[in-house]
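Asker: Below is the file structure-v1.cif, which contains mmCIF, C-alpha atoms.
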data_upload
#
loop_
_atom_site.group_PDB
_atom_site.id
_atom_site.type_symbol
_atom_site.label_atom_id
_atom_site.label_comp_id
_atom_site.auth_asym_id
_atom_site.auth_seq_id
_atom_site.Cartn_x
_atom_site.Cartn_y
_atom_site.Cartn_z
ATOM 1 C CA LYS A 1 88.275 102.447 71.224
ATOM 2 C CA SER A 2 87.121 103.854 74.538
ATOM 3 C CA LYS A 3 89.456 106.828 74.260
ATOM 4 C CA ALA A 4 88.135 107.609 70.784
ATOM 5 C CA SER A 5 84.520 107.424 71.957
ATOM 6 C CA MET A 6 85.307 109.730 74.896
ATOM 7 C CA GLU A 7 86.961 112.225 72.591
ATOM 8 C CA ALA A 8 83.959 112.053 70.272
ATOM 9 C CA LEU A 9 81.666 112.764 73.209
ATOM 10 C CA ASN A 10 83.717 115.779 74.260
ATOM 11 C CA SER A 11 84.210 117.222 70.785
ATOM 12 C CA THR A 12 82.029 119.913 69.205
ATOM 13 C CA SER A 13 80.718 117.408 66.641
ATOM 14 C CA GLY A 14 79.223 115.426 69.520
ATOM 15 C CA ARG A 15 77.070 118.453 70.328
ATOM 16 C CA LYS A 16 75.370 118.216 66.953
ATOM 17 C CA THR A 17 73.748 114.900 67.877
ATOM 18 C CA ALA A 18 70.441 114.704 69.666
ATOM 19 C CA PRO A 19 70.630 114.958 73.462
ATOM 20 C CA ALA A 20 69.176 111.461 73.895
ATOM 21 C CA GLN A 21 71.787 109.958 71.542
ATOM 22 C CA HIS A 22 74.521 111.912 73.322
ATOM 23 C CA MET A 23 73.318 110.591 76.694
ATOM 24 C CA ARG A 24 73.257 106.991 75.386
ATOM 25 C CA SER A 25 76.838 107.359 74.114
ATOM 26 C CA LEU A 26 77.949 108.820 77.433
ATOM 27 C CA GLU A 27 76.282 106.000 79.397
ATOM 28 C CA LYS A 28 77.937 103.436 77.116
ATOM 29 C CA ALA A 29 81.377 105.003 77.696
ATOM 30 C CA VAL A 30 80.829 105.115 81.485
ATOM 31 C CA LEU A 31 79.671 101.472 81.506
ATOM 32 C CA GLU A 32 82.768 100.469 79.536
ATOM 33 C CA ALA A 33 85.037 102.336 81.987
ATOM 34 C CA ASP A 34 83.211 100.777 84.961
ATOM 35 C CA SER A 35 83.619 97.292 83.541
ATOM 36 C CA ARG A 36 87.364 97.891 83.065
ATOM 37 C CA ILE A 37 87.686 99.097 86.671
ATOM 38 C CA SER A 38 85.824 96.044 87.994
ATOM 39 C CA MET A 39 87.979 93.721 85.840
ATOM 40 C CA ARG A 40 91.138 95.311 87.289
ATOM 41 C CA ARG A 41 89.756 95.012 90.809
ATOM 42 C CA ILE A 42 88.850 91.336 90.300
ATOM 43 C CA GLY A 43 92.297 90.609 88.852
ATOM 44 C CA ALA A 44 94.066 92.351 91.735
ATOM 45 C CA THR A 45 91.908 90.532 94.298
ATOM 46 C CA ASN A 46 92.562 87.160 92.655
ATOM 47 C CA ALA A 47 96.315 87.810 92.573
ATOM 48 C CA GLN A 48 96.319 88.876 96.211
ATOM 49 C CA LEU A 49 94.325 85.803 97.263
ATOM 50 C CA PHE A 50 96.587 83.486 95.263
ATOM 51 C CA LEU A 51 99.765 84.953 96.736
ATOM 52 C CA THR A 52 98.354 84.995 100.268
ATOM 53 C CA VAL A 53 97.172 81.402 100.122
ATOM 54 C CA GLY A 54 100.358 80.324 98.355
ATOM 55 C CA PHE A 55 102.415 81.746 101.222
ATOM 56 C CA ALA A 56 100.112 81.211 104.201
ATOM 57 C CA ILE A 57 99.315 77.516 103.763
ATOM 58 C CA PRO A 58 102.949 76.297 103.551
ATOM 59 C CA PHE A 59 104.135 78.723 106.243
ATOM 60 C CA CYS A 60 101.353 77.861 108.699
ATOM 61 C CA SER A 61 101.775 74.136 108.130
ATOM 62 C CA TYR A 62 105.527 74.515 108.739
ATOM 63 C CA LEU A 63 104.897 76.397 112.005
ATOM 64 C CA ILE A 64 102.224 73.981 113.226
ATOM 65 C CA TYR A 65 104.355 70.919 112.486
ATOM 66 C CA ASN A 66 107.549 72.274 113.991
ATOM 67 C CA PHE A 67 105.860 73.673 117.098
ATOM 68 C CA PHE A 68 103.588 70.768 117.999
ATOM 69 C CA ALA A 69 104.832 67.585 116.302
ATOM 70 C CA ALA A 70 107.079 65.290 118.300
ATOM 71 C CA GLY A 71 109.763 65.449 115.616
ATOM 72 C CA GLY A 72 109.540 69.182 114.992
ATOM 73 C CA VAL A 73 112.637 71.322 115.361
ATOM 74 C CA MET A 74 111.110 73.397 118.163
ATOM 75 C CA GLN A 75 111.080 70.293 120.402
ATOM 76 C CA ASN A 76 114.881 70.349 120.452
ATOM 77 C CA TYR A 77 115.206 73.609 122.378
ATOM 78 C CA LYS A 78 116.224 71.980 125.677
ATOM 79 C CA THR A 79 119.250 70.246 124.175
ATOM 80 C CA SER A 80 120.221 73.078 121.853
ATOM 81 C CA SER A 81 122.547 75.941 122.664
ATOM 82 C CA GLY A 82 119.836 78.572 122.887
ATOM 83 C CA ALA A 83 118.422 78.512 119.374
ATOM 84 C CA TYR A 84 114.788 77.734 118.469
ATOM 85 C CA MET A 85 112.378 78.809 121.244
ATOM 86 C CA ASN A 86 114.918 80.350 123.615
ATOM 87 C CA TYR A 87 113.751 83.909 122.913
ATOM 88 C CA ALA A 88 110.085 83.032 123.398
ATOM 89 C CA MET A 89 110.869 81.578 126.829
ATOM 90 C CA THR A 90 113.388 84.151 128.074
ATOM 91 C CA TRP A 91 112.411 87.502 126.576
ATOM 92 C CA MET A 92 111.669 88.965 130.037
ATOM 93 C CA LEU A 93 114.988 87.845 131.521
ATOM 94 C CA LYS A 94 118.290 89.692 131.505
ATOM 95 C CA PRO A 95 120.049 89.170 128.152
ATOM 96 C CA ARG A 96 122.850 86.613 128.237
ATOM 97 C CA SER A 97 126.201 87.103 126.596
ATOM 98 C CA ALA A 98 127.564 84.715 123.987
ATOM 99 C CA THR A 99 130.176 83.572 126.523
ATOM 100 C CA SER A 100 127.513 82.563 129.047
ATOM 101 C CA ILE A 101 125.640 80.624 126.364
ATOM 102 C CA TYR A 102 128.485 78.812 124.630
ATOM 103 C CA ARG A 103 131.147 78.707 127.400
ATOM 104 C CA PRO A 104 129.215 78.489 130.686
ATOM 105 C CA GLU A 105 132.323 77.339 132.589
ATOM 106 C CA ILE A 106 133.980 80.732 131.985
ATOM 107 C CA GLU A 107 130.845 82.536 133.118
ATOM 108 C CA MET A 108 130.581 80.361 136.237
ATOM 109 C CA ALA A 109 134.258 80.998 137.069
ATOM 110 C CA GLN A 110 133.740 84.760 136.775
ATOM 111 C CA GLN A 111 130.665 84.614 138.999
ATOM 112 C CA SER A 112 132.371 82.508 141.653
ATOM 113 C CA MET A 113 135.622 84.544 141.800
ATOM 114 C CA PRO A 114 134.470 86.727 144.740
ATOM 115 C CA LEU A 115 133.429 83.622 146.731
ATOM 116 C CA VAL A 116 136.762 81.929 146.057
ATOM 117 C CA ALA A 117 138.647 85.067 147.142
ATOM 118 C CA TYR A 118 136.539 85.317 150.321
ATOM 119 C CA THR A 119 137.105 81.632 151.125
ATOM 120 C CA ARG A 120 140.870 82.010 150.705
ATOM 121 C CA LYS A 121 140.868 85.101 152.919
ATOM 122 C CA ILE A 122 138.919 83.346 155.699
ATOM 123 C CA GLU A 123 141.130 80.257 155.480
ATOM 124 C CA ALA A 124 144.230 82.472 155.713
ATOM 125 C CA GLN A 125 142.754 84.247 158.760
ATOM 126 C CA ARG A 126 141.941 80.875 160.379
ATOM 127 C CA ALA A 127 145.524 79.757 159.771
ATOM 128 C CA ASP A 128 146.755 82.977 161.438
ATOM 129 C CA GLY A 129 144.196 82.739 164.223
ATOM 130 C CA SER A 130 142.865 86.242 163.505
ATOM 131 C CA VAL A 131 139.264 85.126 162.815
ATOM 132 C CA PRO A 132 136.912 86.646 165.441
ATOM 133 C CA GLU A 133 135.334 84.071 167.728
ATOM 134 C CA GLY A 134 131.601 83.395 167.620
ATOM 135 C CA VAL A 135 131.156 84.618 164.041
ATOM 136 C CA HIS A 136 130.178 82.107 161.375
ATOM 137 C CA HIS A 137 132.315 82.310 158.254
ATOM 138 C CA PRO A 138 131.198 79.807 155.609
ATOM 139 C CA THR A 139 133.871 78.382 153.350
ATOM 140 C CA SER A 140 131.925 75.813 151.324
ATOM 141 C CA TRP A 141 129.547 76.877 148.570
ATOM 142 C CA HIS A 142 127.213 74.805 146.510
#
Represent the supplied structure as structure tokens.

Answerer:
Amino acid sequence: KSKASMEALNSTSGRKTAPAQHMRSLEKAVLEADSRISMRRIGATNAQLFLTVGFAIPFCSYLIYNFFAAGGVMQNYKTSSGAYMNYAMTWMLKPRSATSIYRPEIEMAQQSMPLVAYTRKIEAQRADGSVPEGVHHPTSWH
């Protein structure tokens, strides 16, 4: 209907009408187009609000419960193997490998290898008697 009225306004037969009638028809067509635009805008706004609220309320309630409630999953981070809030607490630290997280005994053995080698060397030198006198050589580490 609107397209037909716009075509009638732009056709040569529309020029045969009185200017006042032509202006009224043009204003009516513009008002109709404006009302369609506002209806589309209202529909898009309502859909956006519905989707936002439909996502935000459950998501925010999930986050609030799990962060602050005593039974929330984020309270388990100290007994977990690095899941949950580990990144939020350690993002400034040096990244840890999967071995250091899940097999800390292997990581500890690799870190203490130089100390064990040094201890064995000093103990061998003490057995030989080649350790210099007056120099402290620790052999126990904690």

Asker: For atom CA of Ile122 of chain A and atom CA of His136 of chain A, determine how far apart the two atoms are, in Å to one decimal place.

Answerer: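 These two atoms are separated by 10.5 Å.
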
Asker: Quote the spacing between atom CA of His22 of chain A and atom CA of Ser38 of chain A in Å to one decimal place.

Answerer: 24.4 Å

Asker: Given all atoms listed in the file as the basis, pick out the residue of A:Arg40, A:Arg103, A:His137, A:Lys16 nearest to Gln125 of chain A.

Answerer: A:His137

Asker: Got a sec to check which residues sit within 12 Å of (133.9, 75.9, 154.9), counting all atoms listed in the file, and write them as a PyMOL selection string?

Answerer: chain A and resi 115-116+118-123+126+136-142

Asker: To one decimal place in Å, what is the distance between atom CA of Pro95 of chain A and atom CA of Met108 of chain A?

Answerer: 15.9 Å
